[in-house]
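For reference, model_12.txt (compact mmCIF, C-alpha atoms and all ligand atoms):
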# COMPACT_ATOMS: atom_id res chain seq x y z
CA MET A 1 -25.13 -12.01 -13.56
CA SER A 2 -21.82 -10.19 -13.18
CA PRO A 3 -19.21 -12.02 -11.10
CA TYR A 4 -18.06 -10.83 -7.68
CA ALA A 5 -14.43 -9.96 -6.89
CA HIS A 6 -13.29 -12.22 -4.06
CA ILE A 7 -10.08 -11.72 -2.10
CA THR A 8 -8.57 -15.21 -2.19
CA GLY A 9 -4.91 -14.55 -1.40
CA TRP A 10 -2.85 -12.20 0.78
CA GLY A 11 0.77 -11.70 1.67
CA MET A 12 3.09 -9.20 3.32
CA ALA A 13 6.81 -8.49 3.27
CA VAL A 14 8.69 -6.17 5.61
CA PRO A 15 12.45 -5.56 5.87
CA GLU A 16 14.26 -7.28 8.74
CA ARG A 17 15.96 -4.12 9.95
CA ILE A 18 14.05 -2.56 12.88
CA LEU A 19 14.55 1.12 13.73
CA THR A 20 13.43 1.86 17.28
CA ASN A 21 12.40 5.17 18.84
CA GLN A 22 15.47 4.91 21.07
CA GLU A 23 17.70 4.90 17.97
CA LEU A 24 15.81 7.92 16.60
CA GLU A 25 16.51 9.77 19.88
CA LYS A 26 20.18 9.66 18.86
CA MET A 27 19.47 10.97 15.35
CA VAL A 28 17.10 13.93 15.93
CA ASP A 29 15.77 16.00 18.83
CA THR A 30 12.91 13.68 19.85
CA SER A 31 11.98 11.20 22.57
CA ASP A 32 10.39 7.77 22.79
CA ASP A 33 7.76 9.31 25.05
CA TRP A 34 6.82 12.03 22.49
CA ILE A 35 6.58 9.56 19.61
CA VAL A 36 4.55 6.96 21.55
CA THR A 37 2.09 9.45 23.07
CA ARG A 38 1.56 11.46 19.87
CA THR A 39 1.53 8.59 17.35
CA GLY A 40 1.54 5.14 19.03
CA ILE A 41 4.67 4.17 17.08
CA ARG A 42 7.45 2.25 18.87
CA GLU A 43 9.45 0.94 15.93
CA ARG A 44 9.39 0.71 12.13
CA ARG A 45 11.10 -1.39 9.44
CA ILE A 46 13.77 0.10 7.17
CA ALA A 47 14.80 -1.37 3.80
CA SER A 48 18.38 -2.56 3.50
CA ASP A 49 20.58 -1.73 0.49
CA GLY A 50 19.32 -4.57 -1.70
CA GLU A 51 15.64 -4.03 -0.89
CA THR A 52 13.44 -1.83 -3.06
CA THR A 53 9.74 -1.12 -3.55
CA ALA A 54 9.62 -3.76 -6.32
CA SER A 55 11.50 -6.42 -4.36
CA LEU A 56 9.20 -6.06 -1.34
CA ALA A 57 6.17 -6.03 -3.66
CA THR A 58 7.39 -9.22 -5.37
CA LYS A 59 7.86 -11.02 -2.04
CA ALA A 60 4.39 -10.04 -0.80
CA SER A 61 2.85 -11.04 -4.16
CA LEU A 62 4.44 -14.49 -4.15
CA LYS A 63 2.96 -15.13 -0.71
CA ALA A 64 -0.46 -13.91 -1.87
CA LEU A 65 -0.35 -16.12 -4.99
CA ASP A 66 0.70 -19.05 -2.80
CA VAL A 67 -2.31 -18.55 -0.49
CA ALA A 68 -4.67 -18.21 -3.48
CA ASN A 69 -2.97 -21.22 -5.08
CA ILE A 70 -2.76 -19.65 -8.53
CA ALA A 71 0.20 -19.44 -10.91
CA PRO A 72 1.65 -16.07 -12.01
CA ALA A 73 0.69 -16.91 -15.62
CA GLU A 74 -2.98 -16.92 -14.54
CA VAL A 75 -2.86 -13.27 -13.41
CA ASP A 76 -4.55 -10.86 -15.85
CA LEU A 77 -3.79 -7.55 -14.14
CA ILE A 78 -1.16 -6.26 -11.69
CA ILE A 79 -1.67 -2.91 -9.96
CA VAL A 80 1.02 -1.48 -7.71
CA SER A 81 0.05 1.42 -5.48
CA THR A 82 3.09 3.37 -4.29
CA SER A 83 4.42 6.85 -3.53
CA SER A 84 8.02 5.62 -3.55
CA PRO A 85 8.21 3.89 -6.96
CA GLU A 86 11.30 2.16 -8.26
CA TYR A 87 11.60 4.83 -11.01
CA LEU A 88 9.47 7.72 -12.35
CA PHE A 89 8.93 5.23 -15.18
CA PRO A 90 8.69 2.37 -16.03
CA ALA A 91 5.99 1.43 -13.56
CA THR A 92 7.02 -0.61 -10.53
CA ALA A 93 4.17 -2.95 -11.52
CA SER A 94 6.02 -3.86 -14.73
CA ILE A 95 9.09 -4.88 -12.72
CA VAL A 96 6.92 -6.97 -10.40
CA GLN A 97 5.24 -8.56 -13.45
CA ASP A 98 8.66 -9.57 -14.81
CA ASN A 99 9.91 -10.76 -11.39
CA LEU A 100 6.86 -12.99 -11.03
CA GLY A 101 6.85 -14.26 -14.62
CA ALA A 102 3.23 -13.12 -14.94
CA ASN A 103 3.48 -13.18 -18.73
CA LYS A 104 -0.22 -12.59 -19.46
CA ALA A 105 -0.75 -9.64 -17.13
CA GLY A 106 -1.17 -5.95 -17.87
CA ALA A 107 0.64 -3.92 -15.22
CA PHE A 108 0.52 -0.31 -14.05
CA ASP A 109 1.05 1.86 -10.98
CA ILE A 110 -1.38 4.17 -9.26
CA LEU A 111 -0.43 7.19 -7.19
CA ALA A 112 -3.00 8.11 -4.57
CA ALA A 113 -0.61 8.04 -1.58
CA CYS A 114 -1.91 6.13 1.45
CA THR A 115 -5.38 5.76 -0.09
CA GLY A 116 -3.94 4.08 -3.18
CA PHE A 117 -4.48 0.51 -2.02
CA ILE A 118 -8.23 1.10 -1.58
CA PHE A 119 -8.45 2.81 -4.99
CA GLY A 120 -6.52 -0.08 -6.59
CA LEU A 121 -8.74 -2.63 -4.89
CA ASN A 122 -11.80 -0.93 -6.34
CA ILE A 123 -10.30 -0.60 -9.86
CA ALA A 124 -9.30 -4.29 -9.93
CA SER A 125 -12.67 -5.36 -8.50
CA GLN A 126 -14.59 -3.37 -11.13
CA ALA A 127 -12.47 -4.94 -13.89
CA ILE A 128 -13.44 -8.36 -12.52
CA ARG A 129 -17.10 -7.40 -12.06
CA SER A 130 -17.30 -6.18 -15.66
CA GLY A 131 -16.15 -9.60 -16.85
CA SER A 132 -13.06 -8.12 -18.52
CA ILE A 133 -10.58 -10.07 -16.33
CA LYS A 134 -10.65 -13.03 -13.94
CA ASN A 135 -7.60 -12.76 -11.67
CA SER A 136 -5.77 -9.70 -10.39
CA LEU A 137 -2.96 -8.81 -8.03
CA ILE A 138 -3.18 -5.54 -6.13
CA ILE A 139 -0.10 -4.52 -4.19
CA GLY A 140 0.74 -1.65 -1.82
CA SER A 141 4.48 -1.23 -1.49
CA GLU A 142 6.72 1.49 -0.07
CA THR A 143 10.32 2.27 0.73
CA LEU A 144 9.51 5.64 2.29
CA SER A 145 12.83 5.62 4.15
CA ARG A 146 14.39 6.62 0.80
CA ILE A 147 12.32 9.81 0.47
CA ILE A 148 12.35 10.97 4.10
CA ASP A 149 14.55 13.75 5.44
CA TRP A 150 16.28 11.99 8.32
CA ASN A 151 17.01 15.41 9.89
CA ASP A 152 13.31 16.40 9.99
CA ARG A 153 11.89 15.15 13.29
CA ALA A 154 8.35 16.07 12.23
CA THR A 155 8.32 13.36 9.54
CA CYS A 156 11.20 10.90 10.06
CA VAL A 157 9.68 9.38 13.20
CA LEU A 158 6.42 8.51 11.42
CA PHE A 159 7.17 6.38 8.38
CA GLY A 160 8.33 2.82 7.68
CA ASP A 161 8.90 0.43 4.77
CA GLY A 162 6.91 -2.64 3.74
CA ALA A 163 4.54 -4.23 1.25
CA GLY A 164 1.23 -6.09 1.23
CA ALA A 165 -0.64 -7.80 -1.59
CA PHE A 166 -4.09 -9.25 -2.30
CA VAL A 167 -5.16 -11.68 -5.03
CA LEU A 168 -8.63 -10.95 -6.39
CA GLN A 169 -10.57 -13.63 -8.27
CA ALA A 170 -13.91 -13.74 -10.04
CA GLY A 171 -16.56 -15.85 -8.29
CA GLU A 172 -20.33 -16.30 -8.48
CA GLU A 173 -21.12 -16.19 -4.75
CA GLU A 174 -22.21 -12.78 -3.38
CA SER A 175 -19.03 -11.93 -1.49
CA GLY A 176 -15.79 -9.97 -1.92
CA LEU A 177 -15.89 -6.23 -2.56
CA LEU A 178 -19.42 -5.00 -1.82
CA SER A 179 -18.95 -1.23 -2.06
CA ALA A 180 -16.28 1.46 -2.31
CA VAL A 181 -15.88 5.20 -1.95
CA MET A 182 -13.08 7.13 -3.70
CA ARG A 183 -12.55 10.85 -3.00
CA SER A 184 -9.99 13.55 -3.65
CA ASP A 185 -9.49 17.24 -2.85
CA GLY A 186 -6.49 18.69 -4.65
CA SER A 187 -6.88 22.05 -2.90
CA GLY A 188 -4.99 20.32 -0.06
CA LYS A 189 -2.06 19.39 -2.30
CA ASP A 190 0.45 21.36 -0.21
CA MET A 191 -0.42 19.65 3.07
CA LEU A 192 1.59 16.57 2.21
CA CYS A 193 3.91 16.48 -0.78
CA ILE A 194 7.33 15.95 -2.31
CA PRO A 195 7.74 19.22 -4.23
CA GLY A 196 10.91 18.43 -6.22
CA GLY A 197 11.82 15.91 -8.89
CA GLY A 198 8.61 16.16 -10.96
CA SER A 199 7.84 18.28 -14.02
CA ARG A 200 7.00 21.34 -11.88
CA PHE A 201 10.40 21.47 -10.17
CA PRO A 202 12.68 19.10 -12.10
CA THR A 203 15.66 17.83 -10.14
CA SER A 204 18.47 20.39 -10.07
CA VAL A 205 21.31 21.27 -7.72
CA GLU A 206 18.99 23.90 -6.28
CA THR A 207 16.06 21.54 -5.60
CA VAL A 208 18.41 19.05 -3.97
CA ASN A 209 20.12 21.73 -1.86
CA GLN A 210 16.70 22.86 -0.66
CA GLY A 211 15.70 19.29 0.20
CA MET A 212 12.72 19.48 -2.16
CA HIS A 213 13.05 15.74 -2.91
CA PHE A 214 11.93 14.90 0.66
CA VAL A 215 8.44 14.53 2.15
CA LYS A 216 6.99 17.82 3.47
CA MET A 217 3.97 17.70 5.75
CA ASN A 218 1.64 19.96 7.69
CA GLY A 219 0.93 17.35 10.39
CA ARG A 220 -1.73 19.28 12.29
CA GLU A 221 -3.83 19.98 9.18
CA VAL A 222 -3.54 16.37 7.97
CA TYR A 223 -4.60 15.19 11.42
CA ARG A 224 -7.78 17.30 11.40
CA PHE A 225 -8.68 16.25 7.85
CA ALA A 226 -8.01 12.56 8.61
CA THR A 227 -10.29 12.24 11.64
CA ARG A 228 -13.13 13.88 9.67
CA VAL A 229 -12.90 11.85 6.44
CA MET A 230 -12.33 8.48 8.13
CA VAL A 231 -15.71 8.81 9.85
CA GLN A 232 -17.53 10.25 6.80
CA SER A 233 -16.28 7.67 4.32
CA THR A 234 -16.90 4.72 6.69
CA HIS A 235 -20.55 5.77 7.12
CA GLU A 236 -20.92 6.29 3.37
CA VAL A 237 -19.36 2.99 2.27
CA VAL A 238 -21.33 0.94 4.80
CA ARG A 239 -24.57 2.58 3.62
CA LYS A 240 -23.63 1.87 0.00
CA ALA A 241 -23.24 -1.84 0.86
CA ASN A 242 -26.77 -1.79 2.37
CA LEU A 243 -25.32 -2.64 5.77
CA SER A 244 -25.21 -0.90 9.14
CA LEU A 245 -22.13 -0.43 11.36
CA ASP A 246 -23.46 -3.26 13.56
CA ASP A 247 -22.95 -5.64 10.60
CA ILE A 248 -19.24 -4.76 10.42
CA ASP A 249 -17.03 -7.32 12.16
CA LEU A 250 -13.71 -5.54 11.68
CA VAL A 251 -12.34 -2.14 10.61
CA ILE A 252 -8.87 -2.08 9.11
CA PRO A 253 -7.83 1.58 8.96
CA HIS A 254 -4.75 3.13 7.38
CA GLN A 255 -2.10 3.10 10.10
CA ALA A 256 -0.99 6.74 10.23
CA ASN A 257 -1.49 7.61 13.87
CA LYS A 258 -2.98 5.68 16.79
CA ARG A 259 -4.77 8.82 18.01
CA ILE A 260 -6.42 9.39 14.61
CA ILE A 261 -7.71 5.80 14.62
CA GLU A 262 -8.95 6.04 18.23
CA THR A 263 -10.73 9.34 17.56
CA ALA A 264 -12.37 7.97 14.41
CA ALA A 265 -13.44 4.76 16.23
CA ARG A 266 -14.92 6.83 19.06
CA ASN A 267 -16.86 9.04 16.62
CA LEU A 268 -18.12 5.95 14.80
CA ASN A 269 -19.04 4.33 18.11
CA ILE A 270 -16.98 1.26 17.24
CA PRO A 271 -15.02 -0.41 20.09
CA MET A 272 -11.24 -0.54 19.56
CA ASP A 273 -11.26 -4.36 19.69
CA ARG A 274 -13.07 -4.24 16.32
CA CYS A 275 -10.26 -2.05 14.86
CA VAL A 276 -6.91 -3.43 13.75
CA LEU A 277 -3.92 -1.54 15.10
CA ASN A 278 -0.31 -2.49 14.39
CA ILE A 279 1.26 0.95 13.99
CA ASP A 280 3.40 0.35 17.10
CA ARG A 281 5.58 -2.15 15.17
CA PHE A 282 5.57 -0.80 11.61
CA GLY A 283 4.88 2.96 11.76
CA ASN A 284 3.10 4.49 8.79
CA THR A 285 3.87 2.34 5.73
CA SER A 286 1.51 4.49 3.62
CA THR A 287 -0.38 2.46 1.01
CA ALA A 288 1.08 -0.81 2.36
CA SER A 289 -0.39 -0.36 5.82
CA ILE A 290 -3.90 -1.72 5.12
CA PRO A 291 -2.80 -5.01 3.44
CA ILE A 292 -0.07 -5.52 6.08
CA ALA A 293 -2.61 -5.00 8.89
CA THR A 294 -4.99 -7.39 7.08
CA CYS A 295 -2.35 -10.15 6.89
CA GLU A 296 -1.68 -9.77 10.61
CA ALA A 297 -5.41 -9.78 11.45
CA ILE A 298 -5.85 -13.05 9.52
CA ALA A 299 -2.80 -14.63 11.22
CA GLU A 300 -4.28 -13.66 14.62
CA GLY A 301 -7.68 -15.18 13.74
CA LYS A 302 -9.45 -11.78 13.77
CA LEU A 303 -10.71 -12.02 10.17
CA ASN A 304 -12.50 -15.11 8.90
CA PRO A 305 -14.53 -16.09 5.81
CA GLY A 306 -18.00 -14.52 5.92
CA ASP A 307 -16.87 -11.52 8.02
CA ASN A 308 -17.70 -8.01 6.82
CA VAL A 309 -14.64 -5.77 6.94
CA VAL A 310 -14.21 -2.04 6.27
CA PHE A 311 -10.93 -0.74 4.84
CA VAL A 312 -10.60 3.02 5.29
CA GLY A 313 -7.73 5.35 4.49
CA PHE A 314 -6.56 8.86 3.65
CA GLY A 315 -3.43 10.47 2.33
CA ALA A 316 -1.67 13.00 0.16
CA GLY A 317 -3.62 14.56 -2.69
CA LEU A 318 -5.58 14.96 -0.57
CA THR A 319 -7.25 11.61 -1.11
CA TRP A 320 -9.46 9.38 0.99
CA GLY A 321 -11.61 6.35 0.55
CA ALA A 322 -13.14 3.21 1.99
CA ALA A 323 -14.28 -0.24 0.93
CA VAL A 324 -16.58 -2.87 2.40
CA VAL A 325 -15.48 -6.45 1.74
CA ARG A 326 -17.17 -9.70 2.69
CA TRP A 327 -14.14 -11.85 3.39
CA SER A 328 -13.80 -14.94 1.21
CA GLY A 329 -10.53 -16.80 1.71
CA PRO A 330 -8.94 -19.07 -0.90
CA PHE A 331 -11.14 -20.93 -3.40
CA PRO A 332 -10.98 -24.70 -2.94
CA GLY A 333 -8.67 -26.19 -5.60
CA LEU A 334 -7.71 -29.70 -6.59
CA ARG A 335 -4.23 -29.00 -7.92
CA VAL A 336 -1.37 -27.49 -5.93
CA VAL A 337 0.51 -24.58 -7.51
CA ARG A 338 3.70 -23.38 -5.84
CA PRO A 339 4.24 -19.79 -7.07
CA PRO A 340 7.50 -19.28 -5.08
CA ALA A 341 9.01 -22.29 -6.91
CA ILE A 342 8.14 -20.64 -10.25
CA ARG A 343 10.31 -17.64 -9.26
CA PHE A 344 13.46 -19.35 -10.59
CA TYR A 345 11.87 -19.88 -14.02
CA ALA A 346 10.63 -16.27 -14.03
CA ARG A 347 14.22 -15.06 -13.50
CA LEU A 348 15.54 -17.39 -16.20
CA ARG A 349 12.81 -16.32 -18.62
CA SER A 350 13.55 -12.62 -18.02
CA PHE A 351 17.31 -13.22 -18.53
CA VAL A 352 16.77 -15.14 -21.77
CA LYS A 353 14.38 -12.46 -23.09
CA ARG A 354 16.97 -9.74 -22.41
CA ILE A 355 19.70 -11.75 -24.22
CA LEU A 356 17.37 -12.39 -27.18
CA ARG A 357 16.54 -8.68 -27.34
CA LYS A 358 20.29 -7.88 -27.51
CA ILE A 359 20.88 -10.50 -30.25
CA ASP A 360 17.88 -9.12 -32.13
CA ALA A 361 19.30 -5.58 -31.90
CA VAL A 362 22.71 -6.74 -33.22
CA ILE A 363 21.13 -8.62 -36.16
CA TRP A 364 18.82 -5.75 -37.10
CA GLY A 365 21.65 -3.25 -36.57
CA SER A 366 23.93 -5.10 -39.02
CA LEU A 367 21.08 -5.48 -41.57
CA ASP A 368 20.31 -1.74 -41.30
CA SER A 369 23.96 -0.80 -41.87
CA ARG A 370 24.02 -2.91 -45.07
CA ARG A 371 21.02 -1.05 -46.54
N1 LIG B 1 9.76 14.90 18.62
C1 LIG B 1 9.57 15.88 19.54
N2 LIG B 1 8.85 17.00 19.28
C2 LIG B 1 8.31 17.11 18.06
C3 LIG B 1 8.48 16.14 17.07
C4 LIG B 1 9.24 15.00 17.38
N3 LIG B 1 9.43 13.99 16.51
N4 LIG B 1 7.81 16.54 15.96
C5 LIG B 1 7.25 17.72 16.23
N5 LIG B 1 7.56 18.08 17.51
C6 LIG B 1 7.16 19.29 18.23
C7 LIG B 1 6.77 20.41 17.32
O1 LIG B 1 7.90 21.15 16.90
C8 LIG B 1 5.85 21.23 18.21
O2 LIG B 1 6.66 22.02 19.05
P1 LIG B 1 6.20 23.52 19.44
O3 LIG B 1 4.89 23.32 20.19
O4 LIG B 1 7.31 24.00 20.28
O5 LIG B 1 6.00 24.22 18.14
C9 LIG B 1 5.18 20.18 19.11
O6 LIG B 1 5.99 18.98 18.98
C10 LIG B 1 3.77 19.86 18.70
O7 LIG B 1 3.74 19.70 17.28
P2 LIG B 1 2.41 19.34 16.52
O8 LIG B 1 2.71 19.23 15.06
O9 LIG B 1 1.32 20.24 16.95
O10 LIG B 1 2.13 17.88 17.13
P3 LIG B 1 0.88 16.98 16.96
O11 LIG B 1 0.29 16.65 18.26
O12 LIG B 1 -0.04 17.49 15.88
O13 LIG B 1 1.54 15.63 16.41
C11 LIG B 1 1.85 14.51 14.31
C12 LIG B 1 2.29 15.67 15.21
C13 LIG B 1 2.17 13.22 15.02
C14 LIG B 1 2.64 14.59 13.01
C15 LIG B 1 0.33 14.61 14.06
O14 LIG B 1 -0.01 15.92 13.68
C16 LIG B 1 -0.13 13.66 13.00
O15 LIG B 1 -0.06 12.45 13.15
N6 LIG B 1 -0.65 14.17 11.88
C17 LIG B 1 -1.11 13.34 10.80
C18 LIG B 1 0.07 12.95 9.97
C19 LIG B 1 -0.26 11.87 9.00
O16 LIG B 1 -1.13 11.07 9.21
N7 LIG B 1 0.51 11.85 7.93
C20 LIG B 1 0.46 10.82 6.99
C21 LIG B 1 -0.69 10.91 6.07
S1 LIG B 1 -0.73 9.55 5.06
C22 LIG B 1 0.23 9.78 3.66
O17 LIG B 1 -0.25 10.22 2.64
C23 LIG B 1 1.67 9.45 3.67

Represent the structure from my file as C-alpha cells, please.
Ligand code: ACO
Amino acid sequence: MSPYAHITGWGMAVPERILTNQELEKMVDTSDDWIVTRTGIRERRIASDGETTASLATKASLKALDVANIAPAEVDLIIVSTSSPEYLFPATASIVQDNLGANKAGAFDILAACTGFIFGLNIASQAIRSGSIKNSLIIGSETLSRIIDWNDRATCVLFGDGAGAFVLQAGEEESGLLSAVMRSDGSGKDMLCIPGGGSRFPTSVETVNQGMHFVKMNGREVYRFATRVMVQSTHEVVRKANLSLDDIDLVIPHQANKRIIETAARNLNIPMDRCVLNIDRFGNTSTASIPIATCEAIAEGKLNPGDNVVFVGFGAGLTWGAAVVRWSGPFPGLRVVRPPAIRFYARLRSFVKRILRKIDAVIWGSLDSRR
C-alpha cells in the first residue's frame, strides 16, 4: 500500500518590524478606517535590510524541522513557493538547501502566487505517496515589500512579509493529505501581475521609469474571482476526500481580505469560528499566509491531531486550489535531533565547499594553461 504524506513539522518566521495603518496614513492618501473596513488589516511585517525571502524561509524551515525532530540531511526534497524570489535564478530553494545543510535534498521553486503553497504541498505529498521520497520540506516565503510600489495606495496597504514551512513525512496510517485541487486560468493574467523584469519586458530604463517592476492589480476583479473559487474549490476538495463540510474541523484560507473570507464562509455555511483569520496582524503575505495561519492555529490549540482541515487559496495566474489534510503532528521518536544547532555546521560546510571550489578552479586553470 502506498504511504500517506503526514505533516509532522511546522514553523513560521516574520520580520520584527511592524508597519501600522497609522504609519501608512503618512505615506499615501489612505486611512486606518478605509483599510480596516475594506480589508481587515491593521498592521503588517516588513523585512529589514538583512532579511530576504531565503533567510525567512530558512528560519521557518529550522523551526519546522525542530518540531518534526528530523535532521536537514534526512530531507529528500525542498520546495519553495514564492513570488518574490531571491533571484530570477538560482532557485531560492537551493539557497535554503545550502543554509540548512540539507545535502541530500533536491530543491526547486514554484511560482503560483498565493496558491503556490497548496500546489507545493500536493506535489510533495504525491512524491511521498509514490514512494519516490520519504521526507520533504515545503516552504512559502515572501518579501513582497520589495516589489510593492509604496506610492500606490491600492496595493501598498495590502501586503506583508513572512514565511511558513511544513515538514512532510511518509507514514502508513491513513492521515495527512487526503485530497487536493489545483486550478489555473491564464486568461486572467493581467488582473494581478508584475509586467517588467521578465523575458517579455526585460528590465530597462524605460520599464523602471514606468514602474513595471511593481505589483499591478485590478482589486475589484480579483475580489469577485476569489469569493467564487474559494467556495467552488472547497466543495470540490471535500467531496474528493469522501467527506462532507460537517466533517471539517477547521478552514485555513489564504489571508488576502477579511471580507473575502467572510463571504466565502457565509456561502459555504461555515461559522467564522471554524475559519482561521490573522490578516489583521500580518496583511496578505501571499503564499506564506496559509502556513503562518496554521502555525498560529496550532499555538492557539485550534488544530489538533486527528482534525480534518481545509487549506484554500487563490492568486495571480490566475490560480486557485484547495487541500484536505487530516492533521498528524510529529511522529514519536526516540532520539532528539536539534536542527537549529546544525545550522553552524551547515554554514561551515558551505564556506569550505566554496573555498574548495576556488582552489579547484585555480588548479585546473593552471593545468589548462600548461596544455
Ligand atoms: N485608501 C483609501 N482609498 C482607497 C485605497 C486606499 N488604500 N485604495 C483604493 N481606494 C479608493 C479607490 O480609489 C476607489 O475610489 P473611487 O471610488 O473614488 O474610485 C475606492 O477606494 C474604492 O475602490 P475599490 O477598488 O472599488 O475598493 P474595494 O472595496 O474593491 O477594495 C480591495 C479594494 C481591498 C483591493 C479589494 O478589491 C480586494 O481586496 N481585492 C482582492 C485583492 C486581493 O486579494 N489581492 C491579492 C490576491 S493574492 C496574490 O496573488 C498576491

>> At a cut-off of 8 Å, using all atoms listed in the file, what residues contact stretch 237-240 of chain A? Leave out same-chain residues fewer than 6 positions from it and give the result as a ChimeraX atom specification.
In response: /A:179-181,310,322-324

Hey, what's within 10 Å of stretch 268-273 of chain A if we count all atoms listed in the file and toss same-chain stuff fewer than 5 positions away? As a PDB file with C-alpha atoms, in the frame of the given file, please?
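Final output, selection-v9.pdb:
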ATOM      1  CA  MET A 230     -12.330   8.480   8.130  1.00  0.00           C
ATOM      2  CA  VAL A 231     -15.710   8.810   9.850  1.00  0.00           C
ATOM      3  CA  GLN A 232     -17.530  10.250   6.800  1.00  0.00           C
ATOM      4  CA  THR A 234     -16.900   4.720   6.690  1.00  0.00           C
ATOM      5  CA  HIS A 235     -20.550   5.770   7.120  1.00  0.00           C
ATOM      6  CA  LEU A 245     -22.130  -0.430  11.360  1.00  0.00           C
ATOM      7  CA  ASP A 246     -23.460  -3.260  13.560  1.00  0.00           C
ATOM      8  CA  ILE A 248     -19.240  -4.760  10.420  1.00  0.00           C
ATOM      9  CA  ASP A 249     -17.030  -7.320  12.160  1.00  0.00           C
ATOM     10  CA  LEU A 250     -13.710  -5.540  11.680  1.00  0.00           C
ATOM     11  CA  VAL A 251     -12.340  -2.140  10.610  1.00  0.00           C
ATOM     12  CA  ILE A 261      -7.710   5.800  14.620  1.00  0.00           C
ATOM     13  CA  GLU A 262      -8.950   6.040  18.230  1.00  0.00           C
ATOM     14  CA  THR A 263     -10.730   9.340  17.560  1.00  0.00           C
ATOM     15  CA  LYS A 302      -9.450 -11.780  13.770  1.00  0.00           C
TER      16      LYS A 302
END

Residues near stretch 122-127 of chain A, anyone? I mean within 10 Å using only C-alpha atoms, not counting same-chain ones fewer than 5 positions away, as a short mmCIF file (atom, residue, chain, number, x, y, z; two decimals) with C-alpha atoms, in the frame of the given file.
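Result saved to part09.cif:
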data_model
loop_
_atom_site.label_atom_id
_atom_site.label_comp_id
_atom_site.auth_asym_id
_atom_site.auth_seq_id
_atom_site.Cartn_x
_atom_site.Cartn_y
_atom_site.Cartn_z
CA PRO A 3 -19.21 -12.02 -11.10
CA TYR A 4 -18.06 -10.83 -7.68
CA ALA A 5 -14.43 -9.96 -6.89
CA HIS A 6 -13.29 -12.22 -4.06
CA ILE A 7 -10.08 -11.72 -2.10
CA LEU A 77 -3.79 -7.55 -14.14
CA ILE A 78 -1.16 -6.26 -11.69
CA ILE A 79 -1.67 -2.91 -9.96
CA GLY A 116 -3.94 4.08 -3.18
CA PHE A 117 -4.48 0.51 -2.02
CA SER A 132 -13.06 -8.12 -18.52
CA ILE A 133 -10.58 -10.07 -16.33
CA LYS A 134 -10.65 -13.03 -13.94
CA ASN A 135 -7.60 -12.76 -11.67
CA SER A 136 -5.77 -9.70 -10.39
CA LEU A 137 -2.96 -8.81 -8.03
CA ILE A 138 -3.18 -5.54 -6.13
CA VAL A 167 -5.16 -11.68 -5.03
CA LEU A 168 -8.63 -10.95 -6.39
CA GLN A 169 -10.57 -13.63 -8.27
CA ALA A 170 -13.91 -13.74 -10.04
CA GLY A 176 -15.79 -9.97 -1.92
CA LEU A 177 -15.89 -6.23 -2.56
CA LEU A 178 -19.42 -5.00 -1.82
CA SER A 179 -18.95 -1.23 -2.06
CA ALA A 180 -16.28 1.46 -2.31
CA VAL A 181 -15.88 5.20 -1.95
CA MET A 182 -13.08 7.13 -3.70
CA ALA A 322 -13.14 3.21 1.99
CA ALA A 323 -14.28 -0.24 0.93
#

To check your reading of the model: which residues sit at most 6 Å from ligand LIG 1 (chain B) when counting all atoms listed in the file? Write the answer as a PDB file with C-alpha atoms, in the frame of the given file.
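New file result_25.pdb:
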ATOM      1  CA  THR A  30      12.910  13.680  19.850  1.00  0.00           C
ATOM      2  CA  SER A  31      11.980  11.200  22.570  1.00  0.00           C
ATOM      3  CA  TRP A  34       6.820  12.030  22.490  1.00  0.00           C
ATOM      4  CA  ARG A  38       1.560  11.460  19.870  1.00  0.00           C
ATOM      5  CA  THR A  39       1.530   8.590  17.350  1.00  0.00           C
ATOM      6  CA  ALA A 113      -0.610   8.040  -1.580  1.00  0.00           C
ATOM      7  CA  CYS A 114      -1.910   6.130   1.450  1.00  0.00           C
ATOM      8  CA  ARG A 153      11.890  15.150  13.290  1.00  0.00           C
ATOM      9  CA  ALA A 154       8.350  16.070  12.230  1.00  0.00           C
ATOM     10  CA  VAL A 157       9.680   9.380  13.200  1.00  0.00           C
ATOM     11  CA  GLY A 219       0.930  17.350  10.390  1.00  0.00           C
ATOM     12  CA  ARG A 220      -1.730  19.280  12.290  1.00  0.00           C
ATOM     13  CA  VAL A 222      -3.540  16.370   7.970  1.00  0.00           C
ATOM     14  CA  TYR A 223      -4.600  15.190  11.420  1.00  0.00           C
ATOM     15  CA  ALA A 256      -0.990   6.740  10.230  1.00  0.00           C
ATOM     16  CA  ASN A 257      -1.490   7.610  13.870  1.00  0.00           C
ATOM     17  CA  SER A 286       1.510   4.490   3.620  1.00  0.00           C
ATOM     18  CA  GLY A 315      -3.430  10.470   2.330  1.00  0.00           C
ATOM     19  CA  ALA A 316      -1.670  13.000   0.160  1.00  0.00           C
TER      20      ALA A 316
END

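Between atom CA of A:Leu24 and atom CA of A:Asp280 lies a distance of 14.5 Å.
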
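Across the model, the gap from atom CA of A:Leu100 to atom CA of A:Ile70 is 12.0 Å.
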
>> Using all atoms listed in the file, which protein or nucleic acid residues come within 6 Å of A:Arg326? Drop anything in the same chain fewer than 4 positions from it, and give the result as a ChimeraX atom specification.
In response: /A:175-176,306-308

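Nearest to A:Thr8 of all the residues A:Gln22, A:Thr207, A:Asn69, A:Asn99 is A:Asn69, counting all atoms listed in the file.
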
> Could you state the separation of atom CA of A:Trp10 and atom CA of A:Val229 in Å, given to one decimal place?
Replying inline: 26.7 Å

>> Give me, as a PyMOL selection string, all polymer residues having an atom no more than 12 Å from A:Ile18, counting all atoms listed in the file and skipping those fewer than 3 positions away in the same chain.
In response: chain A and resi 14-15+21-24+42-48+160-162+280-283
